[in-house]
Each structure stands twice: as C-alpha cells, then as structure tokens.
Amino acid sequence: MNQQPPYQGYPSYYAPPPPTDNSGLKILGAIVAIVLTCIVVGICLLWPSIRREYDRDQYNFLLTKADQRYDQQDFVGATDLLTQAIAIRPDKTLAYTRRGNAEYKLRQYTAAIQDYSTALRLFDTPKGFAELGTQYSTDAQKRSYMQAGKGSNYYNLGLVYQDRRQPLTAVKNYNAALTFTPNSIEIRWRLAEVYEDLHQWPAAIANANVVVRNTSYHLEAYKMRANLYHTMGDTRSAAADFERAIATKPDDFDSYYQLSTMYEAPKRYDLAVKCWQQAVQSNPYNGQCWGNLGWYQYLDGQYDTAIATDVKALKLDHSQNFVHMNLALCYAVKGDWGHAKPIYEQSLIRARADDIQGGMGDITTALKTHPQSTALKAADALFRSRGGH
C-alpha cells in the first residue's frame with residue numbers, strides 16, 4: 001500500500017508569504033489623484049477663456065480668408081466664410097458689415113440691408129459693445145469704433161437704397177451717416193448724386209461744393225460739379241469747372257471730351273475747337289486728341305484745316321477708323337469724291353456695325369446742308385450698299 005506524503009491534503013500547511021509594505025504606492029497614488037484633480041479643475045476653470053481664445057483666432061482666420069475671397073471678387077465664397085464667422089461670434093458687428101458688402105456686390109439687397117441693420121442694432125447692445133475692437137481695446141477706443149462703424153453701416157445702407165432707386169431712403173441713410181462721420185467726402189459725393197436724381201439742385205450743388213472745398217486738387221470733384229451745372233443749364237459755371245479739371249490734369253482726355261460735348265449741343269463748334277486745340281498742346285502725341293480736333297474743325301466749316309488735322313491724327317494713330325471716315329467726309333463735302341471714295345472703301349472693310357451707322361448719320365446730316373452734292377450722294381449710296389440705313 002502506497003503511503004501518501006504527509007499533509008498532502010492540507011495546503012494550509014505551507015507557510016504564507018511574508019506581508020508586503022505598499023504604503024509608498026498608496027501615497028504616490030494619492031498624489032497622482034490630487035494632481036489629476038487639480039488639472040481637471042484647472043481645465044474646467046480655464047476652459048471658457050481657452051474657448052474664447054480659440055474662437056477669436058478662428059473668427060479672425062475666417063475674416064482674413066473672406067477678405068481674400070472678396071478681393072478676388074469671389075463674393076459667394078466670402079459670404080459663406082463670413083456666415084461661419086458669425087456663427088462663432090454672433091455679437092461681433094464686423095462680420096455682419098463685411099457680409100453685407102459681399103451681398104451688395106451680389107445685388108442681394110434684402111440680405112445686405114438685414115446685415116447692415118443687424119450691425120447697427122448690435123452697436124447699442126452690451127454684448128455688441130463688448131465685442132468691438134480687440135480684447136485689449138479700452139472703452140474709449142470702443143466708442144470710437146462704434147462711431148465709425150455706425151457711419152459706415154448707414155452709408156452702406158444709403159448705397160443699397162440708391163441702387164434700388166429709392167432716393168429718399170438713400171438720402172435719409174446718408175444724412176444719418178453724416179451724424180457719425182461728418183467729414184466724409186464719400187457721403188457728400190453720394191448725396192450730390194441723389195439730390196441730382198431728385199432734381200433738388202441747390203442741395204446737390206451744396207454737397208458738391210463741400211466735396212470741391214475739401215478736395216480742391218481732385219479732378220473728379222470738378223467734373224462732378226461741372227456736370228451738375230450743365231444739367232441745370234448753367235453752361236458758364238460748368239465750363240469753368242471743366243477748365244479747373246483740365247488745369248488739375250492737362251492730359252485727362254475725358255475732361256476735354258465732356259467740355260467739347262457740352263459745346264456741341266448748342267453748336268458752339270468754335271469753342272469746342274479751342275478745347276481740343278488746348279488738348280493737343282498738352283498732349284501733342286495723342287492721335288485721338290488730334291482726331292477730335294479735326295472733327296470739330298469739320299463741324300465748324302474749316303474743311304481744309306480739318307483734312308490737315310486728320311492726316312496728322314492718322315500719322316500718330318492709323319487705327320482710328322472714325323478719323324478715316326471724318327477725313328473722307330471732309331473730301332466729300334468739298335466735292336472731291338476721288339479722294340473720299342478709296343478712304344471710305346478702306347474704312348468700311350474694317351468697320352463695325354456702329355461705325356457704319358455713325359458714318360451714315362454724318363453723311364445724312366451733311367446732305368441736309370449740301371443737298372446737291374454728288375460726292376455726298378455717292379457716299380450715301382456706298383454706305384447703303386454696306387448695310388447703312
């Protein structure tokens with residue numbers, strides 16, 4: 001009979017392991033727990049400021065990207081980015097103004113009006129005021145931003161209503177803008193335009209005068225007031241302002257053109273000739289100036305002089321088709337179809353439809369004063385064969 005080892009069934013016989021001292025681990029665990037608790041509590045306490053900083057950075061990033069899209073004339077893309085910015089900081093006025101600008105460019109006038117109006121409302125709320133400028137802006141700086149911001153948004157509303165052909169509402173908003181930015185030349189300029197549309201001439205001139213006084217060197221200011229005077233029928237004052245514009249920039253073709261056009265209506269061709277003589281003195285190598293001088297010499301009955309002027313104009317710029325036609329017209333009026341015909345034929349080869357109609361109109365007008373001219377009749381027949389009416 002096999003003998004079992006003693007105490008085989010009594011595992012308690014084996015001595016237990018010696019006790020382990022883990023008090024150090026407990027202390028370390030407690031320290032870790034305290035540190036983690038402090039970190040969590042700190043994050044909870046700091047989270048609002050961390051979130052604000054993140055939102056601020058994200059908002060500014062979106063505004064920068066929107067500005068880039070706007071500069072690239074991607075107004076839809078700019079609008080989308082600004083909508084995202086508004087979702088992050090709905091009480092900050094700047095994104096509403098800029099989104100309104102993009103919507104204005106897209107002719108989404110109702111949406112633009114809503115955004116400009118929202119910006120104006122937010123300026124007067126505690127949250128909207130707090131969001132002005134940066135986190136470091138003082139209250140005095142924020143009040144300055146609010147003043148400029150209100151002026152800008154009222155001005156923008158004026159633009160929208162002016163485009164929508166609502167001049168009275170435009171005037172109301174422009175005048176509101178002036179109360180916040182009284183030195184704005186842009187607002188005065190727009191008011192002059194709207195009052196002109198309303199035929200309120202004294203108000204239009206008054207605002208134009210402010211523009212001119214504050215930008216006495218400004219070419220466009222003189223031309224703007226000149227056109228107001230012209231529309232009012234004050235040709236003398238209009239001419240004086242066009243001359244001031246020319247003195248400001250002697251090579252401005254548009255000033256000469258507008259001044260000569262003003263003289264053309266009452267058939268003061270002699271004054272228009274003097275205008276373009278002044279132009280070619282200031283711009284002796286400008287073929288277009290010489291071409292216009294030739295045209296008004298023709299209208300003034302100076303046919304031989306006009307021919308010489310047109311030849312000079314074409315030497316400077318042979319591509320001017322209207323000058324070729326004017327030269328041929330001078331020959332035709334003089335009865336010289338031999339010179340007129342080849343010039344007309346070459347002109348018609350490269351002429352556009354509007355060139356043909358313009359040349360035909362000049363021939364028709366010339367026939368009224370020279371009804372027996374065989375050369376003009378031949379010119380008329382040539383143009384009709386080429387589609388003139």
# chains A, B, ... in the order shown; residues from 1 in each chain; ligands from 1
$ residues_around --residues "A:Lys312" --least-positions-apart "6" --cutoff "9 Å" --atoms "only C-alpha atoms" --output "PDB file with N, CA and C atoms, in the first residue's frame"
ATOM      1  N   GLY A 287      -2.993 110.811 -80.766  1.00  0.00           N
ATOM      2  CA  GLY A 287      -3.721 110.824 -82.028  1.00  0.00           C
ATOM      3  C   GLY A 287      -5.204 111.028 -81.863  1.00  0.00           C
ATOM      4  N   TRP A 290      -6.002 114.742 -81.586  1.00  0.00           N
ATOM      5  CA  TRP A 290      -5.957 115.360 -82.912  1.00  0.00           C
ATOM      6  C   TRP A 290      -7.183 114.969 -83.734  1.00  0.00           C
ATOM      7  N   GLY A 291      -7.614 113.716 -83.603  1.00  0.00           N
ATOM      8  CA  GLY A 291      -8.803 113.278 -84.338  1.00  0.00           C
ATOM      9  C   GLY A 291     -10.048 114.047 -83.936  1.00  0.00           C
TER      10      GLY A 291
END
$ residues_around --residues "A:Asp304" --least-positions-apart "5" --cutoff "12 Å" --atoms "only C-alpha atoms" --output "list in words"
Gly294, Trp295, Gln297, Tyr298, Leu299, Thr309, Asp310, Val311, Leu327, Ala328, Leu329, Cys330, Tyr331, Ala332, Val333, Lys334 and Asp336 of chain A
$ residues_around --residues "stretch 339-347 of chain A" --least-positions-apart "3" --cutoff "12 Å" --atoms "only C-alpha atoms" --output "ChimeraX atom specification"
/A:307,311,318-336,350-353,355-356,359-360,363,374-383,385-386
$ residues_around --residues "A:Gln200" --least-positions-apart "2" --cutoff "12 Å" --atoms "only C-alpha atoms" --output "PDB file with N, CA and C atoms, in the first residue's frame"
ATOM      1  N   PRO A 167     -34.397 106.940 -53.764  1.00  0.00           N
ATOM      2  CA  PRO A 167     -33.531 108.066 -53.399  1.00  0.00           C
ATOM      3  C   PRO A 167     -33.851 108.700 -52.051  1.00  0.00           C
ATOM      4  N   LEU A 168     -35.115 108.799 -51.691  1.00  0.00           N
ATOM      5  CA  LEU A 168     -35.460 109.432 -50.425  1.00  0.00           C
ATOM      6  C   LEU A 168     -34.925 108.637 -49.244  1.00  0.00           C
ATOM      7  N   VAL A 171     -31.157 109.150 -49.138  1.00  0.00           N
ATOM      8  CA  VAL A 171     -30.811 110.428 -48.512  1.00  0.00           C
ATOM      9  C   VAL A 171     -30.905 110.325 -46.990  1.00  0.00           C
ATOM     10  N   LEU A 191     -24.542 112.114 -51.763  1.00  0.00           N
ATOM     11  CA  LEU A 191     -25.699 112.997 -51.577  1.00  0.00           C
ATOM     12  C   LEU A 191     -25.875 113.902 -52.791  1.00  0.00           C
ATOM     13  N   ALA A 192     -24.776 114.400 -53.338  1.00  0.00           N
ATOM     14  CA  ALA A 192     -24.877 115.230 -54.543  1.00  0.00           C
ATOM     15  C   ALA A 192     -25.518 114.442 -55.681  1.00  0.00           C
ATOM     16  N   GLU A 193     -25.142 113.179 -55.824  1.00  0.00           N
ATOM     17  CA  GLU A 193     -25.717 112.342 -56.880  1.00  0.00           C
ATOM     18  C   GLU A 193     -27.216 112.133 -56.678  1.00  0.00           C
ATOM     19  N   VAL A 194     -27.596 111.814 -55.438  1.00  0.00           N
ATOM     20  CA  VAL A 194     -29.011 111.510 -55.179  1.00  0.00           C
ATOM     21  C   VAL A 194     -29.861 112.759 -55.330  1.00  0.00           C
ATOM     22  N   TYR A 195     -29.365 113.891 -54.823  1.00  0.00           N
ATOM     23  CA  TYR A 195     -30.128 115.129 -54.977  1.00  0.00           C
ATOM     24  C   TYR A 195     -30.243 115.520 -56.451  1.00  0.00           C
ATOM     25  N   GLU A 196     -29.228 115.183 -57.243  1.00  0.00           N
ATOM     26  CA  GLU A 196     -29.332 115.417 -58.693  1.00  0.00           C
ATOM     27  C   GLU A 196     -30.456 114.566 -59.278  1.00  0.00           C
ATOM     28  N   ASP A 197     -30.528 113.295 -58.870  1.00  0.00           N
ATOM     29  CA  ASP A 197     -31.608 112.431 -59.349  1.00  0.00           C
ATOM     30  C   ASP A 197     -32.973 112.966 -58.949  1.00  0.00           C
ATOM     31  N   LEU A 198     -33.034 113.609 -57.781  1.00  0.00           N
ATOM     32  CA  LEU A 198     -34.291 114.176 -57.297  1.00  0.00           C
ATOM     33  C   LEU A 198     -34.556 115.570 -57.871  1.00  0.00           C
ATOM     34  N   PRO A 202     -30.214 122.937 -55.600  1.00  0.00           N
ATOM     35  CA  PRO A 202     -29.453 123.635 -54.541  1.00  0.00           C
ATOM     36  C   PRO A 202     -28.776 122.662 -53.573  1.00  0.00           C
ATOM     37  N   ALA A 203     -29.503 121.602 -53.189  1.00  0.00           N
ATOM     38  CA  ALA A 203     -28.905 120.620 -52.273  1.00  0.00           C
ATOM     39  C   ALA A 203     -27.767 119.873 -52.960  1.00  0.00           C
ATOM     40  N   ALA A 204     -27.938 119.548 -54.233  1.00  0.00           N
ATOM     41  CA  ALA A 204     -26.888 118.846 -54.975  1.00  0.00           C
ATOM     42  C   ALA A 204     -25.630 119.703 -55.061  1.00  0.00           C
ATOM     43  N   ILE A 205     -25.794 120.976 -55.420  1.00  0.00           N
ATOM     44  CA  ILE A 205     -24.644 121.874 -55.538  1.00  0.00           C
ATOM     45  C   ILE A 205     -23.999 122.101 -54.174  1.00  0.00           C
ATOM     46  N   ALA A 206     -24.803 122.226 -53.125  1.00  0.00           N
ATOM     47  CA  ALA A 206     -24.253 122.450 -51.781  1.00  0.00           C
ATOM     48  C   ALA A 206     -23.326 121.313 -51.376  1.00  0.00           C
ATOM     49  N   ASN A 207     -23.750 120.091 -51.628  1.00  0.00           N
ATOM     50  CA  ASN A 207     -22.895 118.947 -51.293  1.00  0.00           C
ATOM     51  C   ASN A 207     -21.685 118.865 -52.217  1.00  0.00           C
ATOM     52  N   LEU A 228     -23.214 118.828 -62.850  1.00  0.00           N
ATOM     53  CA  LEU A 228     -24.397 119.357 -62.170  1.00  0.00           C
ATOM     54  C   LEU A 228     -24.793 120.705 -62.768  1.00  0.00           C
ATOM     55  N   THR A 231     -26.285 120.201 -66.218  1.00  0.00           N
ATOM     56  CA  THR A 231     -27.656 119.692 -66.166  1.00  0.00           C
ATOM     57  C   THR A 231     -28.636 120.793 -65.779  1.00  0.00           C
ATOM     58  N   MET A 232     -28.175 121.721 -64.933  1.00  0.00           N
ATOM     59  CA  MET A 232     -29.017 122.832 -64.521  1.00  0.00           C
ATOM     60  C   MET A 232     -29.142 123.889 -65.617  1.00  0.00           C
TER      61      MET A 232
END
$ residues_around --residues "A:Thr248" --least-positions-apart "2" --cutoff "7 Å" --atoms "only C-alpha atoms" --output "ChimeraX atom specification"
/A:217,219,244-246,250
$ write_last_selection --atoms "N, CA and C atoms" --output "short mmCIF file (atom, residue, chain, number, x, y, z; two decimals), in the first residue's frame"
data_model
loop_
_atom_site.label_atom_id
_atom_site.label_comp_id
_atom_site.auth_asym_id
_atom_site.auth_seq_id
_atom_site.Cartn_x
_atom_site.Cartn_y
_atom_site.Cartn_z
N TYR A 217 -7.87 119.79 -55.22
CA TYR A 217 -6.98 119.27 -56.25
C TYR A 217 -7.62 118.11 -57.01
N LEU A 219 -9.54 115.93 -59.43
CA LEU A 219 -10.05 116.02 -60.79
C LEU A 219 -11.53 115.69 -60.87
N ARG A 244 -11.08 123.94 -64.72
CA ARG A 244 -10.34 123.65 -63.48
C ARG A 244 -9.86 122.20 -63.47
N ALA A 245 -10.74 121.31 -63.97
CA ALA A 245 -10.35 119.90 -64.05
C ALA A 245 -9.17 119.73 -65.00
N ILE A 246 -9.20 120.43 -66.12
CA ILE A 246 -8.11 120.34 -67.10
C ILE A 246 -6.82 120.91 -66.51
N PRO A 250 -3.82 118.11 -67.09
CA PRO A 250 -3.91 118.53 -68.51
C PRO A 250 -3.98 117.38 -69.50
#
$ atom_distance --atom1 "atom CA of A:Glu103" --atom2 "atom CA of A:Phe75"
7.2 Å
$ select_by_dssp --residues "stretch 138-306 of chain A" --states "alpha helix (DSSP H)" --output "number ranges by chain"
A: 139-163, 167-180, 185-197, 201-214, 219-232, 235-248, 253-264, 269-282, 287-299, 303-306
$ atom_distance --atom1 "atom CA of A:Met224" --atom2 "atom CA of A:Ala176"
23.0 Å
$ residues_around --residues "A:Phe253" --least-positions-apart "3" --cutoff "10 Å" --atoms "only C-alpha atoms" --output "mmCIF file with C-alpha atoms, in the first residue's frame"
data_model
loop_
_atom_site.group_PDB
_atom_site.id
_atom_site.type_symbol
_atom_site.label_atom_id
_atom_site.label_comp_id
_atom_site.auth_asym_id
_atom_site.auth_seq_id
_atom_site.Cartn_x
_atom_site.Cartn_y
_atom_site.Cartn_z
ATOM 1 C CA ILE A 246 -8.105 120.339 -67.101
ATOM 2 C CA LYS A 249 -4.712 117.189 -65.028
ATOM 3 C CA PRO A 250 -3.909 118.529 -68.510
ATOM 4 C CA TYR A 256 -11.776 117.726 -72.919
ATOM 5 C CA TYR A 257 -14.337 115.302 -74.273
ATOM 6 C CA GLN A 258 -17.068 116.335 -71.825
ATOM 7 C CA TRP A 276 -9.236 120.407 -78.494
ATOM 8 C CA ALA A 279 -5.798 119.338 -75.650
ATOM 9 C CA ASN A 283 -0.908 116.097 -75.492
ATOM 10 C CA ASN A 286 -2.139 111.793 -78.723
ATOM 11 C CA GLN A 288 -7.204 110.701 -80.542
ATOM 12 C CA CYS A 289 -6.969 114.329 -79.398
#
$ closest_atom_pairs --of "stretch 142-243 of chain A" --to "stretch 123-131 of chain A" --cutoff "10 Å" --atoms "only C-alpha atoms" --output "JSON lines"
{"residue": "A:Lys142", "atom": "CA", "partner": "A:Phe129", "partner_atom": "CA", "distance": 7.0}
{"residue": "A:Arg143", "atom": "CA", "partner": "A:Phe129", "partner_atom": "CA", "distance": 8.1}
{"residue": "A:Tyr145", "atom": "CA", "partner": "A:Phe129", "partner_atom": "CA", "distance": 9.4}
{"residue": "A:Met146", "atom": "CA", "partner": "A:Phe123", "partner_atom": "CA", "distance": 6.3}
{"residue": "A:Gln147", "atom": "CA", "partner": "A:Phe123", "partner_atom": "CA", "distance": 9.1}
{"residue": "A:Gly149", "atom": "CA", "partner": "A:Phe123", "partner_atom": "CA", "distance": 8.2}
{"residue": "A:Lys150", "atom": "CA", "partner": "A:Phe123", "partner_atom": "CA", "distance": 7.7}
$ residues_around --residues "A:Asn153" --least-positions-apart "4" --cutoff "7 Å" --atoms "only C-alpha atoms" --output "list in words"
Thr97, Tyr116, Leu120, Gly149 and Leu157 of chain A
$ closest_residue --among "A:Thr93, A:Gln108, A:Pro182, A:Ile34" --to "A:Val76" --atoms "only C-alpha atoms"
A:Gln108
